Structures are given as structure tokens and as C-alpha cells.
Amino acid sequence: MKPILLQGHERSITQIKYNREGDLLFTVAKDPIVNVWYSVNGERLGTYTGHTGAVWCVDADWDTRHVLSGSADNSCRLWDCETGKQLALLKTNSAVRTCGFDFGGNIVMFSTDKQMGYQCFVSFFDLRDPSQIDDNEPYMKIPCSESKICSAVWGPLGEFIIVGHENGELNQFSAKSGEVVATAKEHSKQINDIQLSRDLTMFITACKDNTAKLFDSTTLEHQKTFRTERPVNSAALSPIFDHVVLGGGQEAMDVTTTSTRIGKFEARFFHLGFEEEFGRVKGHFGPINSVAFHPDGKSYSSGGEDGYVRIHYFDPQYFEFEFES
Amino acid sequence: MPTGDYDSKPSWADQVEDEVDEGPLPSPKEVIKGNTKIITEYKEDEDGKKFKIIRTYKIETRKASKAVARRKNWKKFGNSEFDAPGPNVATTTVSDDVFMTFITSKEDLNNQEDEDPMNKLKGQKIVSCRICKGDHWTTRCPYKDTLGPMQKELAEQLGLSTGEKEKVPGAEPEPAQAQQSKTGKYVPPSLRDGASRRGESMQPNRRADDNATIRVTNLSEDTRETDLQELFRPFGSISRIYLAKDKTTGQSKGFAFISFHRREDAARAIAGVSGFGYDHLILNVEWAKPSNS
């Protein structure tokens, strides 16, 4: 396969995300620009400019009207997807680490870092109520004193959010009451990424403790473990096959002190059921920070510490491949 | 391919002259033929060199849902506001071909990472040298001049005929040597170790202990230097142990060099330990190649 290389960022990629149909790909990096691309040919549709710091997270709602991005400039911004205009600016006290639209696109959630004497919070805004945005007053704010939130996604039907903590704990917070619905502690280090399956019944976590794990999204029951030798930065589930793609590599600070041979910067494909690796794709010069499957399962993208995003359309061999163990 | 662009020009010489004369570069051309689009651009770099860039695109028609089709017609905005339709080469390029490497079993995976195919070949003994037991032809032996004659002489000394020796290439010359050193029998200087290494000391770049150095391969990952010392001490006094370790993990890379003070000790070590099962692995011991080769 010939990957399409997207060079829209000057610094390392922090997150990439497809919209619901998969025709657009949103990428954010440690530079202040949010890029949106046509996934089919890698053409850049536009940029959302306004942030003044590293952008940690991005999300689009179900009908791709709005885009949400959270940044280390202590703000979370809402954009009009088509024109790139900023619709709302939500100021925070510390960097915004994760953000997301619920499945109806009306409620947004974002979490802030424990930083500069401020606690870690998860804030919920209802976009249908303009006063909440004007007053910058969320309808609910959940404090998380013990451990910082590193990753968060909305659960099925927008009833709760699933968050991953720095200490490896997983929590479900109710979107209505804010209380903890369920807890699981299967990881020992920070959970870098959480991605849901297509039917939202399960999700995969990517953890610094060199593993990715599959959980049931309602009960937080641990199902499967995928082991590697390096910290896992991102993991995604294939929408059409029982496949998992993991992206990782050693930490960015160690990259210059080790040779690339042992860097293991490949995207690694595991079988969901057998927990065994069956394929690898090389390409990045540094660790992969974010991976995402196209919703049709025929391509996937990865964004790395090297600042590049690569869109890979699978070869026919991938579709013909039969797993034998 | 630049075909048909200069149909009217009779020869390349005229063409070059014309290009020199031309002040401004020709404007980009776009040709659409069927489902291919060919864009021809002209560029000039800092050195004044002119480039002609031809890009061929395939035009594809795809069916998409209404929402996707509508989004495809959105106007570009932000930093891409002034980009022409289609991918901008400044931000989007097609990278080199990469392939997904399929892994069938764990063993393959580890081998692929740890060693290149040449090393694997070296590990298996395809040919065995009669002189030093190395994995090369006898005629290519680096010790041909030193060890070979010595062995012959030793064999003669012990009453073995060279012809017999030729018949049994697997026979070890080492026991003879060992005997010699153990019994403490007088050995004339001409037969002593190194006697036939004529002028060797004059050769540059060869360390003395290279001759008594053995290479141990197929060690397990958690082998330590002390283990090697334990293993090889019985054969004679060791001058140096070098165990190759991974810089970051500190684990053994699976091979080590052991330098003995005496060559015959090394030879006995090879005879004794090669093929020895150690830590569930079968050790492979051979003479170390001279470092300058």
C-alpha cells in the first residue's frame, strides 16, 4: 500500500479522529492548528485557527456540523465544521486533555488537567442552552482529586462517560448525576487512549504499561489483553474484522538515546479473539501517538511523534488474510 | 512523460536555445484525457535551474451518501483557503510503498528482530574446517599457516601418519595438545606453540590474544559474565571475557568472546563446550575471527 502522507503539522500529533462517515479526518498536534482532511485523497479541507497552545484532543459530532477541540492554552473551542469559524470559547483553569460530543451532538464533555494548583475536572455543557456557554458555567462539573484523567469517551446512548486515569483506573461517570457508576483497575500505568467499537458495546484501552485491553463498555468487565514490549499510545478496533491496531513506541524523551531498530515504531495488528499479533506496518520515524480505523474498515490512519499523519488503504492481502493459530 | 509538448520544435538544440531565450516560465498546463488528468508545471529553483514537473492524476468517480457528497463540495477554509481543488503538494504527498508484514508465529518474529539472515547461516555449520573447526573451507582457514603445520607436526610426533589424519577429518588435534601440556614433557622450541608462526609478530593489527579467543554463540538472554567464567574456567586461565549486551536492557545479545591465555586451552574449550546444552540452548563455540577481517 502507498500511504498518503499529511504534512499539516509542525509538531508531534496528539490525536486523529474520523467523523462518523469517515470522509473527513481531523488531526491535532502540539501546534495550535486543528486540521481537517478528506480521507479519500488526503486533500486538506481546512484549518481551525484560534488556539494558542498545543491541542490535545478533537472530536466531531454525528452529523459533522460542529468540531470540538481542547488545548493546553486553557480553552476548549467549538467550531463550525464547514467554514472553520469559532462558535464558542470555553475558558478553563488548566489544559484541556480530552473532549467529546455525546451521540446526539447536544452535550459536550471535556476534562482538564491537574495543573498549576487546579484540580482535575470533567465539565459538561449543554449546547442547547446558550447561557451555559455565555456564562462559561457547565451544568455539571465532576472533580477528580485522586488521579488525573488521561483519556475519556462517551459511553453508549450518552448515559455515561468512560474515563481512564493516570494511575490506570477506569471509571464510568454518569452524565446526569455525575456519580461513579462503575470502576475497574486492570492497568498499572496511565491510560493513554480509549476507543469504542463500532457498536459501542466494548472499548479498547491503550496503556503505558505496555498492554492494550478490551473491556465491556457497560460493565467495565475485562475481556482481552494485547501485550507488547513498548508503551501503547493508542489502540483502535476494526469495524469489520476482529482486528485491533496498536500504535506506540518508547516515550518521546527516550527516542534519541536508542536506535531505531529497537524502537518498534510499527503499527501492530492483533487478532481480537486470539490476542495474537499477525501483522505490522512500518513507516513512522517516531512513536505513533494516535491510530484510527476508517469507519468502513478499509483503511486506517496513524499520527506520530514525527508530526506526520499517514493514511493507509489496505492491500487485498489484508482482506484475504486468514488467521491461523 | 514529456510527449507531444514540443511537437513543433525540430530538435533538442533549438529547444534548449528557446528555453534560454524565454524570460518567464510557461504557465502550467492541464490536460484531461478520459479519467486521467495530466498537469505540467514549470519551476525555477535558486540556482536558476528550470524544472518541468508532470503530475498524472487518476480521476475517480465514487458513490457516496448525500451528506458526504455535500461535504465534498465545501469550500476550503483557514490555511487551505487559497489552495486549488485537489490535494496541495505542500501538505499532501504520497509516501513510499509499505507492506504489511504478516507474522505467522512468535519464533519468526523474534528471529527477524534479533539477527539478520547472514548470522543465521553462520550459526549453522555448513562446512567445517579441518584445521580449526571453523565454518569455512580448510583452504580458507585464517590459521592455515599457523595451526595447520603445527597440527601436522604434532601428529607426526605422536606417530600418526598424516594420511590417516586426512581420512578422519573429524579427529581432534586438541587431545594431543592437551596431553602434551599436561604431561609436562619436554617440547623442543621448534615444536612449541608459535614456533611455526613465522613472522607473525611483524603483522600489524593483530592482537596477541586474538589467537586464543573463542566465540560462543547461542547463549541465552540472561547469561551473565560470571556464568561464562564458571563454564570456561576448567579449561584454563582466562584473560578476558566479553559478553555482548544490549545497551538499554542490559540483557545478553546471545554471543560472547572468551580470550584464554593459551591457545590450547581455547582449543580444548571449543572441543569441550561446542554442542553443550546450557540453559536449554545448545552452545556453538568456535574460533573468533580476527578482528581486522
# chains A, B, ... in the order shown; residues from 1 in each chain; ligands from 1

call {"tool": "residues_around", "arguments": {"residues": "B:Asn284", "least_positions_apart": "2", "cutoff": "7 Å", "atoms": "only C-alpha atoms", "output": "NGL selection string"}}
result
:B and (216-218 or 274-275 or 282 or 286)

call {"tool": "write_last_selection", "arguments": {"atoms": "C-alpha atoms", "output": "compact mmCIF listing (two decimals), in the first residue's frame"}}
result
# COMPACT_ATOMS: atom_id res chain seq x y z
CA VAL B 216 30.44 -18.53 21.92
CA THR B 217 27.08 -18.13 20.28
CA ASN B 218 23.53 -19.18 21.03
CA SER B 274 30.63 -26.86 21.48
CA GLY B 275 27.29 -28.55 21.31
CA ILE B 282 22.87 -25.73 22.59
CA GLU B 286 34.25 -21.65 17.50

call {"tool": "select_by_dssp", "arguments": {"residues": "stretch 26-148 of chain A", "states": "alpha helix (DSSP H)", "output": "PyMOL selection string"}}
result
chain A and resi 130-134

call {"tool": "interface_residues", "arguments": {"of": "chain A", "to": "chain B", "cutoff": "8 Å", "atoms": "only C-alpha atoms", "output": "ChimeraX atom specification"}}
result
/A:1-8,21,23,38,41-49,82-84,258,277-283,318,324-325

call {"tool": "write_last_selection", "arguments": {"atoms": "C-alpha atoms", "output": "mmCIF file, in the first residue's frame"}}
result
data_model
loop_
_atom_site.group_PDB
_atom_site.id
_atom_site.type_symbol
_atom_site.label_atom_id
_atom_site.label_comp_id
_atom_site.auth_asym_id
_atom_site.auth_seq_id
_atom_site.Cartn_x
_atom_site.Cartn_y
_atom_site.Cartn_z
ATOM 1 C CA MET A 1 0.000 0.000 0.000
ATOM 2 C CA LYS A 2 1.109 3.537 -0.659
ATOM 3 C CA PRO A 3 0.286 5.646 2.356
ATOM 4 C CA ILE A 4 -0.864 9.234 1.921
ATOM 5 C CA LEU A 5 1.375 11.461 3.968
ATOM 6 C CA LEU A 6 -0.261 14.504 5.545
ATOM 7 C CA GLN A 7 2.138 17.256 6.485
ATOM 8 C CA GLY A 8 -0.130 19.765 8.108
ATOM 9 C CA GLU A 21 -18.960 8.554 7.779
ATOM 10 C CA ASP A 23 -14.930 11.070 4.761
ATOM 11 C CA TYR A 38 -10.602 14.480 3.053
ATOM 12 C CA ASN A 41 -7.230 11.575 -1.218
ATOM 13 C CA GLY A 42 -5.572 13.410 1.645
ATOM 14 C CA GLU A 43 -6.669 16.807 0.418
ATOM 15 C CA ARG A 44 -6.793 19.380 3.179
ATOM 16 C CA LEU A 45 -10.216 20.886 3.560
ATOM 17 C CA GLY A 46 -9.172 23.499 6.022
ATOM 18 C CA THR A 47 -7.816 24.513 9.360
ATOM 19 C CA TYR A 48 -9.452 25.787 12.510
ATOM 20 C CA THR A 49 -7.203 28.529 13.780
ATOM 21 C CA GLU A 82 -17.869 23.771 7.206
ATOM 22 C CA THR A 83 -16.476 27.277 7.491
ATOM 23 C CA GLY A 84 -13.874 26.984 10.224
ATOM 24 C CA THR A 258 18.033 4.371 21.454
ATOM 25 C CA GLU A 277 -0.158 -10.351 16.673
ATOM 26 C CA PHE A 278 -0.490 -11.115 12.972
ATOM 27 C CA GLY A 279 0.855 -8.098 11.152
ATOM 28 C CA ARG A 280 2.914 -4.947 11.283
ATOM 29 C CA VAL A 281 3.165 -1.802 9.225
ATOM 30 C CA LYS A 282 6.267 0.326 9.314
ATOM 31 C CA GLY A 283 6.550 3.944 8.374
ATOM 32 C CA TYR A 318 -5.157 -7.847 4.284
ATOM 33 C CA GLU A 324 -4.396 -19.475 11.826
ATOM 34 C CA SER A 325 -3.005 -20.201 15.199
#

call {"tool": "select_by_dssp", "arguments": {"residues": "stretch 96-195 of chain A", "states": "strand (DSSP E)", "output": "number ranges by chain"}}
result
A: 96-101, 107-112, 120-126, 140-144, 149-154, 160-165, 169-174, 180-185, 191-195

call {"tool": "residues_around", "arguments": {"residues": "A:Ile204", "least_positions_apart": "4", "cutoff": "7 Å", "atoms": "only C-alpha atoms", "output": "PyMOL selection string"}}
result
chain A and resi 194-196+212-215+235-236

call {"tool": "atom_distance", "arguments": {"atom1": "atom CA of B:Leu243", "atom2": "atom CA of A:Thr228"}}
result
26.7 Å

call {"tool": "residues_around", "arguments": {"residues": "B:Gly250", "least_positions_apart": "3", "cutoff": "10 Å", "atoms": "only C-alpha atoms", "output": "ChimeraX atom specification"}}
result
/B:221-222,224,244-247,253

call {"tool": "write_last_selection", "arguments": {"atoms": "N, CA, C and O atoms", "output": "PDB file, in the first residue's frame"}}
result
ATOM      1  N   GLU B 221      19.468 -15.363  26.869  1.00  0.00           N
ATOM      2  CA  GLU B 221      19.447 -13.919  27.120  1.00  0.00           C
ATOM      3  C   GLU B 221      19.934 -13.538  28.516  1.00  0.00           C
ATOM      4  O   GLU B 221      20.496 -12.478  28.709  1.00  0.00           O
ATOM      5  N   ASP B 222      19.664 -14.404  29.470  1.00  0.00           N
ATOM      6  CA  ASP B 222      20.036 -13.979  30.820  1.00  0.00           C
ATOM      7  C   ASP B 222      21.372 -14.561  31.269  1.00  0.00           C
ATOM      8  O   ASP B 222      21.596 -14.762  32.445  1.00  0.00           O
ATOM      9  N   ARG B 224      25.138 -14.287  32.274  1.00  0.00           N
ATOM     10  CA  ARG B 224      25.987 -13.238  32.830  1.00  0.00           C
ATOM     11  C   ARG B 224      27.448 -13.615  32.609  1.00  0.00           C
ATOM     12  O   ARG B 224      27.756 -14.781  32.358  1.00  0.00           O
ATOM     13  N   ALA B 244      28.458  -9.700  24.836  1.00  0.00           N
ATOM     14  CA  ALA B 244      27.734  -8.618  24.148  1.00  0.00           C
ATOM     15  C   ALA B 244      26.387  -8.425  24.807  1.00  0.00           C
ATOM     16  O   ALA B 244      25.629  -9.381  24.964  1.00  0.00           O
ATOM     17  N   LYS B 245      26.136  -7.183  25.214  1.00  0.00           N
ATOM     18  CA  LYS B 245      24.877  -6.907  25.893  1.00  0.00           C
ATOM     19  C   LYS B 245      24.140  -5.775  25.205  1.00  0.00           C
ATOM     20  O   LYS B 245      24.764  -4.890  24.605  1.00  0.00           O
ATOM     21  N   ASP B 246      22.867  -5.803  25.336  1.00  0.00           N
ATOM     22  CA  ASP B 246      22.045  -4.716  24.800  1.00  0.00           C
ATOM     23  C   ASP B 246      22.260  -3.496  25.674  1.00  0.00           C
ATOM     24  O   ASP B 246      22.255  -3.591  26.897  1.00  0.00           O
ATOM     25  N   LYS B 247      22.456  -2.352  25.024  1.00  0.00           N
ATOM     26  CA  LYS B 247      22.772  -1.144  25.779  1.00  0.00           C
ATOM     27  C   LYS B 247      21.686  -0.778  26.777  1.00  0.00           C
ATOM     28  O   LYS B 247      21.954  -0.361  27.884  1.00  0.00           O
ATOM     29  N   LYS B 253      23.144 -10.375  24.296  1.00  0.00           N
ATOM     30  CA  LYS B 253      22.687 -10.461  22.906  1.00  0.00           C
ATOM     31  C   LYS B 253      22.849 -11.875  22.366  1.00  0.00           C
ATOM     32  O   LYS B 253      22.564 -12.130  21.216  1.00  0.00           O
TER      33      LYS B 253
END

call {"tool": "residues_around", "arguments": {"residues": "stretch 112-117 of chain A", "least_positions_apart": "6", "cutoff": "7 Å", "atoms": "only C-alpha atoms", "output": "list in words"}}
result
Ser94, Ala95, Val96, Arg97 and Lys148 of chain A

call {"tool": "write_last_selection", "arguments": {"atoms": "N, CA, C and O atoms", "output": "compact mmCIF listing (two decimals), in the first residue's frame"}}
result
# COMPACT_ATOMS: atom_id res chain seq x y z
N SER A 94 -7.03 25.07 33.55
CA SER A 94 -5.83 24.31 33.18
C SER A 94 -6.06 23.68 31.81
O SER A 94 -7.12 23.83 31.22
N ALA A 95 -5.05 22.98 31.32
CA ALA A 95 -5.11 22.44 29.96
C ALA A 95 -6.25 21.44 29.80
O ALA A 95 -6.55 20.67 30.72
N VAL A 96 -6.88 21.47 28.63
CA VAL A 96 -7.96 20.53 28.34
C VAL A 96 -7.34 19.28 27.72
O VAL A 96 -6.66 19.36 26.70
N ARG A 97 -7.56 18.15 28.34
CA ARG A 97 -6.89 16.92 27.91
C ARG A 97 -7.78 16.09 26.98
O ARG A 97 -7.30 15.52 26.01
N LYS A 148 -5.29 12.13 37.77
CA LYS A 148 -5.64 12.90 36.58
C LYS A 148 -6.29 12.01 35.51
O LYS A 148 -5.95 10.84 35.38

call {"tool": "atom_distance", "arguments": {"atom1": "atom CA of A:Phe160", "atom2": "atom CA of A:Asn93"}}
result
23.9 Å

call {"tool": "atom_distance", "arguments": {"atom1": "atom CA of A:Ile240", "atom2": "atom CA of A:Val67"}}
result
26.0 Å

call {"tool": "closest_residue", "arguments": {"among": "A:Leu89, A:Cys57, A:Leu127, A:Ile142", "to": "A:Gly70", "atoms": "only C-alpha atoms"}}
result
A:Cys57
